[in-house]
>>> print(open('coords-v3.cif').read())   # mmCIF, C-alpha atoms; chains and numbers go by the auth columns
data_data
loop_
_atom_site.group_PDB
_atom_site.id
_atom_site.type_symbol
_atom_site.label_atom_id
_atom_site.label_comp_id
_atom_site.label_asym_id
_atom_site.label_seq_id
_atom_site.Cartn_x
_atom_site.Cartn_y
_atom_site.Cartn_z
_atom_site.B_iso_or_equiv
_atom_site.auth_seq_id
_atom_site.auth_asym_id
ATOM 1 C CA MET A 1 -10.322 1.977 6.393 0.00 1 C
ATOM 2 C CA GLN A 2 -12.052 1.742 3.038 0.00 2 C
ATOM 3 C CA ARG A 3 -12.001 4.167 0.135 0.00 3 C
ATOM 4 C CA ILE A 4 -14.005 4.058 -3.062 0.00 4 C
ATOM 5 C CA ILE A 5 -12.172 5.199 -6.181 0.00 5 C
ATOM 6 C CA HIS A 6 -14.393 5.969 -9.162 0.00 6 C
ATOM 7 C CA THR A 7 -11.806 7.600 -11.433 0.00 7 C
ATOM 8 C CA VAL A 8 -8.064 8.091 -11.747 0.00 8 C
ATOM 9 C CA ASP A 9 -8.634 11.683 -10.555 0.00 9 C
ATOM 10 C CA ASP A 10 -9.666 10.314 -7.139 0.00 10 C
ATOM 11 C CA ILE A 11 -6.124 9.014 -6.557 0.00 11 C
ATOM 12 C CA LYS A 12 -4.091 12.237 -6.345 0.00 12 C
ATOM 13 C CA PRO A 13 -5.769 13.602 -3.173 0.00 13 C
ATOM 14 C CA LEU A 14 -4.883 10.348 -1.411 0.00 14 C
ATOM 15 C CA PHE A 15 -1.222 10.711 -2.431 0.00 15 C
ATOM 16 C CA GLU A 16 -1.331 14.221 -0.978 0.00 16 C
ATOM 17 C CA LEU A 17 -2.724 12.944 2.349 0.00 17 C
ATOM 18 C CA VAL A 18 -0.011 10.283 2.576 0.00 18 C
ATOM 19 C CA ARG A 19 2.727 12.826 1.807 0.00 19 C
ATOM 20 C CA SER A 20 1.315 15.278 4.368 0.00 20 C
ATOM 21 C CA ALA A 21 1.360 12.627 7.101 0.00 21 C
ATOM 22 C CA ALA A 22 4.922 11.640 6.169 0.00 22 C
ATOM 23 C CA ASN A 23 6.069 15.271 6.295 0.00 23 C
ATOM 24 C CA ARG A 24 4.389 15.783 9.661 0.00 24 C
ATOM 25 C CA THR A 25 6.163 12.728 11.060 0.00 25 C
ATOM 26 C CA ALA A 26 9.493 13.856 9.571 0.00 26 C
ATOM 27 C CA ARG A 27 9.173 17.146 11.463 0.00 27 C
ATOM 28 C CA GLU A 28 8.426 15.256 14.693 0.00 28 C
ATOM 29 C CA LEU A 29 11.384 12.930 14.178 0.00 29 C
ATOM 30 C CA ALA A 30 13.669 15.909 13.478 0.00 30 C
ATOM 31 C CA LYS A 31 12.777 17.328 16.909 0.00 31 C
ATOM 32 C CA VAL A 32 13.668 14.047 18.591 0.00 32 C
ATOM 33 C CA THR A 33 16.952 13.584 16.746 0.00 33 C
ATOM 34 C CA LYS A 34 18.102 17.145 17.574 0.00 34 C
ATOM 35 C CA SER A 35 18.560 15.951 21.140 0.00 35 C
ATOM 36 C CA LYS A 36 20.932 13.246 19.809 0.00 36 C
ATOM 37 C CA PRO A 37 19.287 10.366 21.669 0.00 37 C
ATOM 38 C CA ASP A 38 20.938 7.023 22.293 0.00 38 C
ATOM 39 C CA GLY A 39 20.273 4.699 19.333 0.00 39 C
ATOM 40 C CA ILE A 40 18.286 2.201 21.372 0.00 40 C
ATOM 41 C CA ASP A 41 16.234 5.016 22.916 0.00 41 C
ATOM 42 C CA LEU A 42 15.476 6.399 19.456 0.00 42 C
ATOM 43 C CA LEU A 43 14.394 2.981 18.165 0.00 43 C
ATOM 44 C CA ARG A 44 12.265 2.494 21.307 0.00 44 C
ATOM 45 C CA ARG A 45 10.510 5.793 20.661 0.00 45 C
ATOM 46 C CA MET A 46 9.945 4.900 17.007 0.00 46 C
ATOM 47 C CA LYS A 47 8.424 1.530 17.942 0.00 47 C
ATOM 48 C CA PHE A 48 6.475 2.359 21.103 0.00 48 C
ATOM 49 C CA THR A 49 5.659 6.080 21.028 0.00 49 C
ATOM 50 C CA GLU A 50 2.783 7.528 19.039 0.00 50 C
ATOM 51 C CA MET A 51 4.913 10.173 17.342 0.00 51 C
ATOM 52 C CA ALA A 52 3.574 9.575 13.829 0.00 52 C
ATOM 53 C CA TRP A 53 0.257 9.860 11.982 0.00 53 C
ATOM 54 C CA HIS A 54 -1.967 7.572 10.004 0.00 54 C
ATOM 55 C CA PRO A 55 -1.285 8.112 6.294 0.00 55 C
ATOM 56 C CA LEU A 56 -4.934 8.952 5.530 0.00 56 C
ATOM 57 C CA ASP A 57 -6.330 10.155 8.878 0.00 57 C
ATOM 58 C CA ASP A 58 -4.555 13.204 10.321 0.00 58 C
ATOM 59 C CA LYS A 59 -6.312 12.751 13.678 0.00 59 C
ATOM 60 C CA LYS A 60 -5.063 9.206 14.294 0.00 60 C
ATOM 61 C CA ARG A 61 -1.656 8.820 15.953 0.00 61 C
ATOM 62 C CA LEU A 62 0.595 5.821 15.285 0.00 62 C
ATOM 63 C CA ASN A 63 4.099 4.710 16.062 0.00 63 C
ATOM 64 C CA ILE A 64 6.585 5.321 13.247 0.00 64 C
ATOM 65 C CA VAL A 65 6.994 1.638 12.415 0.00 65 C
ATOM 66 C CA GLU A 66 3.250 1.280 11.840 0.00 66 C
ATOM 67 C CA GLN A 67 3.127 4.463 9.765 0.00 67 C
ATOM 68 C CA ILE A 68 5.950 3.176 7.575 0.00 68 C
ATOM 69 C CA ASN A 69 4.216 -0.155 7.001 0.00 69 C
ATOM 70 C CA GLN A 70 0.827 1.377 6.237 0.00 70 C
ATOM 71 C CA THR A 71 2.291 4.177 4.111 0.00 71 C
ATOM 72 C CA TRP A 72 4.080 1.845 1.731 0.00 72 C
ATOM 73 C CA THR A 73 1.177 -0.570 1.353 0.00 73 C
ATOM 74 C CA ILE A 74 -1.127 2.356 0.591 0.00 74 C
ATOM 75 C CA LEU A 75 1.360 3.861 -1.882 0.00 75 C
ATOM 76 C CA VAL A 76 1.677 0.552 -3.730 0.00 76 C
ATOM 77 C CA SER A 77 -2.134 0.359 -3.888 0.00 77 C
ATOM 78 C CA LEU A 78 -2.318 3.905 -5.258 0.00 78 C
ATOM 79 C CA LYS A 79 0.328 3.094 -7.889 0.00 79 C
ATOM 80 C CA ALA A 80 -1.627 -0.023 -8.912 0.00 80 C
ATOM 81 C CA LEU A 81 -4.906 1.810 -9.455 0.00 81 C
ATOM 82 C CA PRO A 82 -4.038 3.643 -12.711 0.00 82 C
ATOM 83 C CA LEU A 83 -2.978 0.307 -14.189 0.00 83 C
ATOM 84 C CA LEU A 84 -6.233 -1.311 -13.113 0.00 84 C
ATOM 85 C CA PHE A 85 -8.247 1.574 -14.564 0.00 85 C
ATOM 86 C CA GLU A 86 -6.342 1.222 -17.843 0.00 86 C
ATOM 87 C CA TRP A 87 -6.883 -2.535 -18.033 0.00 87 C
ATOM 88 C CA HIS A 88 -10.343 -2.933 -16.470 0.00 88 C
ATOM 89 C CA GLY A 89 -11.798 0.526 -15.800 0.00 89 C
ATOM 90 C CA LYS A 90 -15.043 0.278 -17.732 0.00 90 C
ATOM 91 C CA GLU A 91 -15.903 -3.225 -16.652 0.00 91 C
ATOM 92 C CA ALA A 92 -14.812 -2.701 -13.014 0.00 92 C
ATOM 93 C CA ARG A 93 -16.828 0.553 -12.530 0.00 93 C
ATOM 94 C CA GLY A 94 -14.246 1.710 -9.982 0.00 94 C
ATOM 95 C CA PHE A 95 -12.464 0.105 -7.061 0.00 95 C
ATOM 96 C CA ARG A 96 -12.815 -0.386 -3.327 0.00 96 C
ATOM 97 C CA LEU A 97 -9.582 -0.056 -1.369 0.00 97 C
ATOM 98 C CA ASN A 98 -9.206 -1.818 1.965 0.00 98 C
ATOM 99 C CA LEU A 99 -6.348 0.223 3.377 0.00 99 C
ATOM 100 C CA GLY A 100 -4.130 -0.030 6.405 0.00 100 C
ATOM 101 C CA THR A 101 -5.398 -2.724 8.716 0.00 101 C
ATOM 102 C CA ALA A 102 -8.852 -3.086 7.116 0.00 102 C
ATOM 103 C CA ALA A 103 -9.919 -6.690 6.627 0.00 103 C
ATOM 104 C CA GLY A 104 -10.418 -8.118 3.178 0.00 104 C
ATOM 105 C CA THR A 105 -8.720 -8.075 -0.181 0.00 105 C
ATOM 106 C CA ASP A 106 -6.718 -4.873 -0.680 0.00 106 C
ATOM 107 C CA ILE A 107 -8.364 -3.847 -3.977 0.00 107 C
ATOM 108 C CA LEU A 108 -11.684 -5.062 -5.364 0.00 108 C
ATOM 109 C CA SER A 109 -13.620 -3.881 -8.382 0.00 109 C
ATOM 110 C CA LEU A 110 -16.972 -2.307 -7.561 0.00 110 C
ATOM 111 C CA GLU A 111 -18.485 -4.686 -10.101 0.00 111 C
ATOM 112 C CA PRO A 112 -18.263 -8.061 -8.336 0.00 112 C
ATOM 113 C CA ASP A 113 -15.798 -10.683 -9.540 0.00 113 C
ATOM 114 C CA VAL A 114 -14.073 -8.509 -12.148 0.00 114 C
ATOM 115 C CA VAL A 115 -10.815 -7.604 -10.331 0.00 115 C
ATOM 116 C CA ALA A 116 -9.190 -8.616 -7.055 0.00 116 C
ATOM 117 C CA ALA A 117 -5.717 -7.529 -5.993 0.00 117 C
ATOM 118 C CA GLU A 118 -3.413 -7.738 -3.023 0.00 118 C
ATOM 119 C CA THR A 119 -0.617 -5.222 -2.452 0.00 119 C
ATOM 120 C CA PHE A 120 2.527 -5.033 -0.354 0.00 120 C
ATOM 121 C CA ALA A 121 5.892 -3.367 -0.048 0.00 121 C
ATOM 122 C CA ALA A 122 9.043 -5.189 1.016 0.00 122 C
ATOM 123 C CA VAL A 123 12.768 -5.233 0.517 0.00 123 C
ATOM 124 C CA ARG A 124 12.379 -8.597 -1.251 0.00 124 C
ATOM 125 C CA THR A 125 9.303 -10.502 -2.425 0.00 125 C
ATOM 126 C CA SER A 126 10.397 -13.389 -0.214 0.00 126 C
ATOM 127 C CA SER A 127 10.330 -11.229 2.946 0.00 127 C
ATOM 128 C CA ASN A 128 7.956 -12.794 5.465 0.00 128 C
ATOM 129 C CA SER A 129 6.658 -15.005 2.604 0.00 129 C
ATOM 130 C CA LYS A 130 4.417 -12.050 1.761 0.00 130 C
ATOM 131 C CA LEU A 131 4.110 -12.855 -1.949 0.00 131 C
ATOM 132 C CA THR A 132 3.282 -16.498 -1.244 0.00 132 C
ATOM 133 C CA LYS A 133 0.685 -15.496 1.353 0.00 133 C
ATOM 134 C CA ASP A 134 -0.956 -12.932 -0.956 0.00 134 C
ATOM 135 C CA LEU A 135 -1.139 -15.422 -3.822 0.00 135 C
ATOM 136 C CA GLN A 136 -2.730 -17.943 -1.468 0.00 136 C
ATOM 137 C CA ARG A 137 -5.192 -15.322 -0.154 0.00 137 C
ATOM 138 C CA LEU A 138 -6.348 -14.513 -3.696 0.00 138 C
ATOM 139 C CA GLU A 139 -6.710 -18.220 -4.535 0.00 139 C
ATOM 140 C CA GLU A 140 -8.826 -18.825 -1.430 0.00 140 C
ATOM 141 C CA ASN A 141 -10.857 -15.601 -1.201 0.00 141 C
ATOM 142 C CA CYS A 142 -11.318 -14.520 -4.817 0.00 142 C
ATOM 143 C CA PRO A 143 -11.495 -17.624 -7.001 0.00 143 C
ATOM 144 C CA LYS A 144 -14.241 -16.148 -9.223 0.00 144 C
ATOM 145 C CA ALA A 145 -12.507 -12.857 -10.047 0.00 145 C
ATOM 146 C CA LYS A 146 -11.808 -12.654 -13.780 0.00 146 C
ATOM 147 C CA ALA A 147 -8.543 -10.795 -13.178 0.00 147 C
ATOM 148 C CA ARG A 148 -6.362 -11.305 -10.113 0.00 148 C
ATOM 149 C CA TYR A 149 -3.168 -9.465 -9.262 0.00 149 C
ATOM 150 C CA VAL A 150 -0.531 -9.038 -6.619 0.00 150 C
ATOM 151 C CA PHE A 151 1.139 -5.636 -6.830 0.00 151 C
ATOM 152 C CA PHE A 152 4.296 -5.038 -4.859 0.00 152 C
ATOM 153 C CA GLY A 153 6.881 -2.348 -4.357 0.00 153 C
ATOM 154 C CA SER A 154 10.527 -3.223 -3.853 0.00 154 C
ATOM 155 C CA ARG A 155 13.806 -1.465 -4.576 0.00 155 C
ATOM 156 C CA ASN A 156 15.091 -4.818 -5.862 0.00 156 C
ATOM 157 C CA SER A 157 12.585 -5.229 -8.721 0.00 157 C
ATOM 158 C CA SER A 158 11.993 -3.201 -11.857 0.00 158 C
ATOM 159 C CA ALA A 159 8.451 -2.004 -12.495 0.00 159 C
ATOM 160 C CA GLY A 160 6.432 -4.319 -14.732 0.00 160 C
ATOM 161 C CA LEU A 161 5.207 -7.884 -14.921 0.00 161 C
ATOM 162 C CA PHE A 162 7.227 -9.960 -12.470 0.00 162 C
ATOM 163 C CA LYS A 163 5.641 -13.367 -13.043 0.00 163 C
ATOM 164 C CA VAL A 164 2.333 -15.218 -13.359 0.00 164 C
ATOM 165 C CA VAL A 165 1.334 -17.867 -10.808 0.00 165 C
ATOM 166 C CA SER A 166 -1.847 -19.925 -11.260 0.00 166 C
ATOM 167 C CA GLY A 167 -3.280 -17.203 -13.501 0.00 167 C
ATOM 168 C CA ILE A 168 -2.516 -14.452 -10.963 0.00 168 C
ATOM 169 C CA LYS A 169 -0.340 -11.699 -12.418 0.00 169 C
ATOM 170 C CA VAL A 170 2.361 -10.388 -10.115 0.00 170 C
ATOM 171 C CA TRP A 171 3.382 -6.800 -10.915 0.00 171 C
ATOM 172 C CA ALA A 172 6.134 -4.652 -9.481 0.00 172 C
ATOM 173 C CA VAL A 173 5.384 -0.937 -9.176 0.00 173 C
ATOM 174 C CA ASP A 174 7.903 1.869 -9.031 0.00 174 C
ATOM 175 C CA VAL A 175 8.643 2.862 -5.430 0.00 175 C
ATOM 176 C CA ASP A 176 10.038 6.278 -6.341 0.00 176 C
ATOM 177 C CA PHE A 177 7.312 8.675 -5.265 0.00 177 C
ATOM 178 C CA ALA A 178 9.308 11.905 -5.434 0.00 178 C
ATOM 179 C CA GLY A 179 7.240 13.340 -8.269 0.00 179 C
ATOM 180 C CA THR A 180 3.908 11.954 -7.112 0.00 180 C
#
>>> encode(input="coords-v3.cif", output="structure tokens")
Amino acid sequence: MQRIIHTVDDIKPLFELVRSAANRTARELAKVTKSKPDGIDLLRRMKFTEMAWHPLDDKKRLNIVEQINQTWTILVSLKALPLLFEWHGKEARGFRLNLGTAAGTDILSLEPDVVAAETFAAVRTSSNSKLTKDLQRLEENCPKAKARYVFFGSRNSSAGLFKVVSGIKVWAVDVDFAGT
């Protein structure tokens, strides 16, 4: 799924869609847990039953595990966008988001080779070697981009510049979305 973001104002409606899908799934999960299912049965339902919704498509059903994964990657992308607009907005002319399971770099400037960014959410940056893989993906797929970033969300990292690797800036974003 791709989305084009021309201004910072285009971001808020996407947050609202993600929150709506999460609330819808929470209501569905509340129904299931009222019956006090066996723990393994509950986890089976969460993994193998389409009892959740795609964060940006209210017609598409998912299992809860997939919704969780897509939700947090999308939220990290949405948190990264205001920073990218601040740093590169005029030159970038907006951004293309490759969300969910869409192929390609997660965020690209509409103006070619200005900005490329990968995004992820994890308990730790070392989880599944995600940071290493995203850095490698940017090196291989976006070598001409003037500005390259990996944005991540983790409860174990404070928001801000995390480190720089081969000219790629790694930024942590705040994962508290209560007020968003």
>>> residues_around(input="coords-v3.cif", residues="Thr25 of chain C", least_positions_apart="5", cutoff="7 Å", atoms="all atoms listed in the file", output="list in words")
Met51, Ala52 and Trp53 of chain C
>>> write_last_selection(input="coords-v3.cif", atoms="C-alpha atoms", output="compact mmCIF listing (two decimals), in the frame of the given file")
# COMPACT_ATOMS: atom_id res chain seq x y z
CA MET C 51 4.91 10.17 17.34
CA ALA C 52 3.57 9.57 13.83
CA TRP C 53 0.26 9.86 11.98
>>> closest_residue(input="coords-v3.cif", among="C:Ala159, C:Val170, C:Leu81, C:Val115", to="Asp134 of chain C", atoms="only C-alpha atoms")
C:Val170
>>> closest_residue(input="coords-v3.cif", among="C:Ala21, C:Lys133, C:Ser127, C:Leu56", to="Leu99 of chain C", atoms="only C-alpha atoms")
C:Leu56
>>> axis_aligned_box(input="coords-v3.cif", around="segment 133-143 of chain C", padding_each_side="4 Å", output="AutoDock Vina command-line options")
--center_x -5.4 --center_y -15.9 --center_z -2.8 --size_x 20.2 --size_y 13.9 --size_z 16.4
>>> atom_distance(input="coords-v3.cif", atom1="atom CA of Glu118 of chain C", atom2="atom CA of Lys90 of chain C")
20.4 Å
>>> residues_around(input="coords-v3.cif", residues="Arg93 of chain C", least_positions_apart="4", cutoff="10 Å", atoms="all atoms listed in the file", output="list in words")
Ile5, His6, Thr7, Phe85, His88, Gly89, Ser109, Leu110, Glu111, Pro112 and Val114 of chain C
>>> residues_around(input="coords-v3.cif", residues="Asn63 of chain C", least_positions_apart="3", cutoff="7 Å", atoms="only C-alpha atoms", output="list in words")
Met46, Lys47, Phe48, Thr49, Glu50, Met51, Ala52, Glu66 and Gln67 of chain C
>>> closest_residue(input="coords-v3.cif", among="C:Ala147, C:Leu135, C:Met1, C:Ala172", to="Pro55 of chain C", atoms="all atoms listed in the file")
C:Met1
>>> residues_around(input="coords-v3.cif", residues="Val123 of chain C", least_positions_apart="2", cutoff="8 Å", atoms="only C-alpha atoms", output="VMD selection string")
chain C and resid 121 125 127 154 to 156
>>> closest_residue(input="coords-v3.cif", among="C:Lys163, C:Val173, C:Ser129, C:Ala117", to="Val150 of chain C", atoms="only C-alpha atoms")
C:Ala117
>>> decode(input="coords-v3.cif", residues="segment 20-76 of chain C", atoms="C-alpha atoms", output="JSON list (two decimals), in the first residue's frame")
[["chain", "number", "residue", "atom", "x", "y", "z"],
["C", 20, "SER", "CA", -9.70, 3.47, 14.50],
["C", 21, "ALA", "CA", -8.46, 0.05, 13.37],
["C", 22, "ALA", "CA", -6.75, -0.51, 16.73],
["C", 23, "ASN", "CA", -9.93, 0.41, 18.62],
["C", 24, "ARG", "CA", -12.01, -1.89, 16.43],
["C", 25, "THR", "CA", -9.63, -4.77, 17.13],
["C", 26, "ALA", "CA", -9.62, -3.98, 20.87],
["C", 27, "ARG", "CA", -13.41, -4.33, 20.91],
["C", 28, "GLU", "CA", -13.16, -7.67, 19.10],
["C", 29, "LEU", "CA", -10.49, -8.93, 21.49],
["C", 30, "ALA", "CA", -12.60, -7.85, 24.49],
["C", 31, "LYS", "CA", -15.43, -10.09, 23.24],
["C", 32, "VAL", "CA", -13.08, -13.06, 22.99],
["C", 33, "THR", "CA", -11.49, -12.53, 26.40],
["C", 34, "LYS", "CA", -14.90, -12.26, 28.12],
["C", 35, "SER", "CA", -15.27, -15.98, 27.54],
["C", 36, "LYS", "CA", -11.99, -16.49, 29.46],
["C", 37, "PRO", "CA", -10.38, -18.75, 26.86],
["C", 38, "ASP", "CA", -7.44, -21.02, 27.54],
["C", 39, "GLY", "CA", -4.18, -19.09, 27.00],
["C", 40, "ILE", "CA", -3.03, -21.26, 24.12],
["C", 41, "ASP", "CA", -6.46, -20.99, 22.48],
["C", 42, "LEU", "CA", -6.34, -17.20, 22.80],
["C", 43, "LEU", "CA", -2.86, -17.03, 21.27],
["C", 44, "ARG", "CA", -4.00, -19.38, 18.47],
["C", 45, "ARG", "CA", -6.91, -17.08, 17.68],
["C", 46, "MET", "CA", -4.64, -14.03, 17.71],
["C", 47, "LYS", "CA", -2.18, -15.68, 15.31],
["C", 48, "PHE", "CA", -4.49, -17.61, 12.98],
["C", 49, "THR", "CA", -7.91, -15.92, 13.06],
["C", 50, "GLU", "CA", -8.72, -12.80, 11.07],
["C", 51, "MET", "CA", -10.13, -10.92, 14.05],
["C", 52, "ALA", "CA", -8.27, -7.66, 13.38],
["C", 53, "TRP", "CA", -8.16, -4.98, 10.67],
["C", 54, "HIS", "CA", -5.54, -3.46, 8.46],
["C", 55, "PRO", "CA", -4.38, -0.18, 10.01],
["C", 56, "LEU", "CA", -5.26, 1.84, 6.88],
["C", 57, "ASP", "CA", -7.91, -0.26, 5.13],
["C", 58, "ASP", "CA", -11.05, -0.90, 7.20],
["C", 59, "LYS", "CA", -12.27, -3.53, 4.72],
["C", 60, "LYS", "CA", -9.19, -5.76, 4.98],
["C", 61, "ARG", "CA", -9.12, -8.34, 7.78],
["C", 62, "LEU", "CA", -5.87, -9.51, 9.39],
["C", 63, "ASN", "CA", -4.78, -11.60, 12.31],
["C", 64, "ILE", "CA", -3.84, -9.60, 15.40],
["C", 65, "VAL", "CA", -0.13, -10.36, 15.13],
["C", 66, "GLU", "CA", -0.02, -8.92, 11.61],
["C", 67, "GLN", "CA", -2.02, -5.86, 12.65],
["C", 68, "ILE", "CA", 0.40, -5.21, 15.50],
["C", 69, "ASN", "CA", 3.42, -5.46, 13.22],
["C", 70, "GLN", "CA", 1.96, -3.25, 10.50],
["C", 71, "THR", "CA", 0.51, -0.74, 12.97],
["C", 72, "TRP", "CA", 3.82, -0.02, 14.65],
["C", 73, "THR", "CA", 5.80, 0.23, 11.42],
["C", 74, "ILE", "CA", 3.21, 2.65, 10.05],
["C", 75, "LEU", "CA", 3.20, 4.69, 13.28],
["C", 76, "VAL", "CA", 6.99, 4.99, 13.21]]
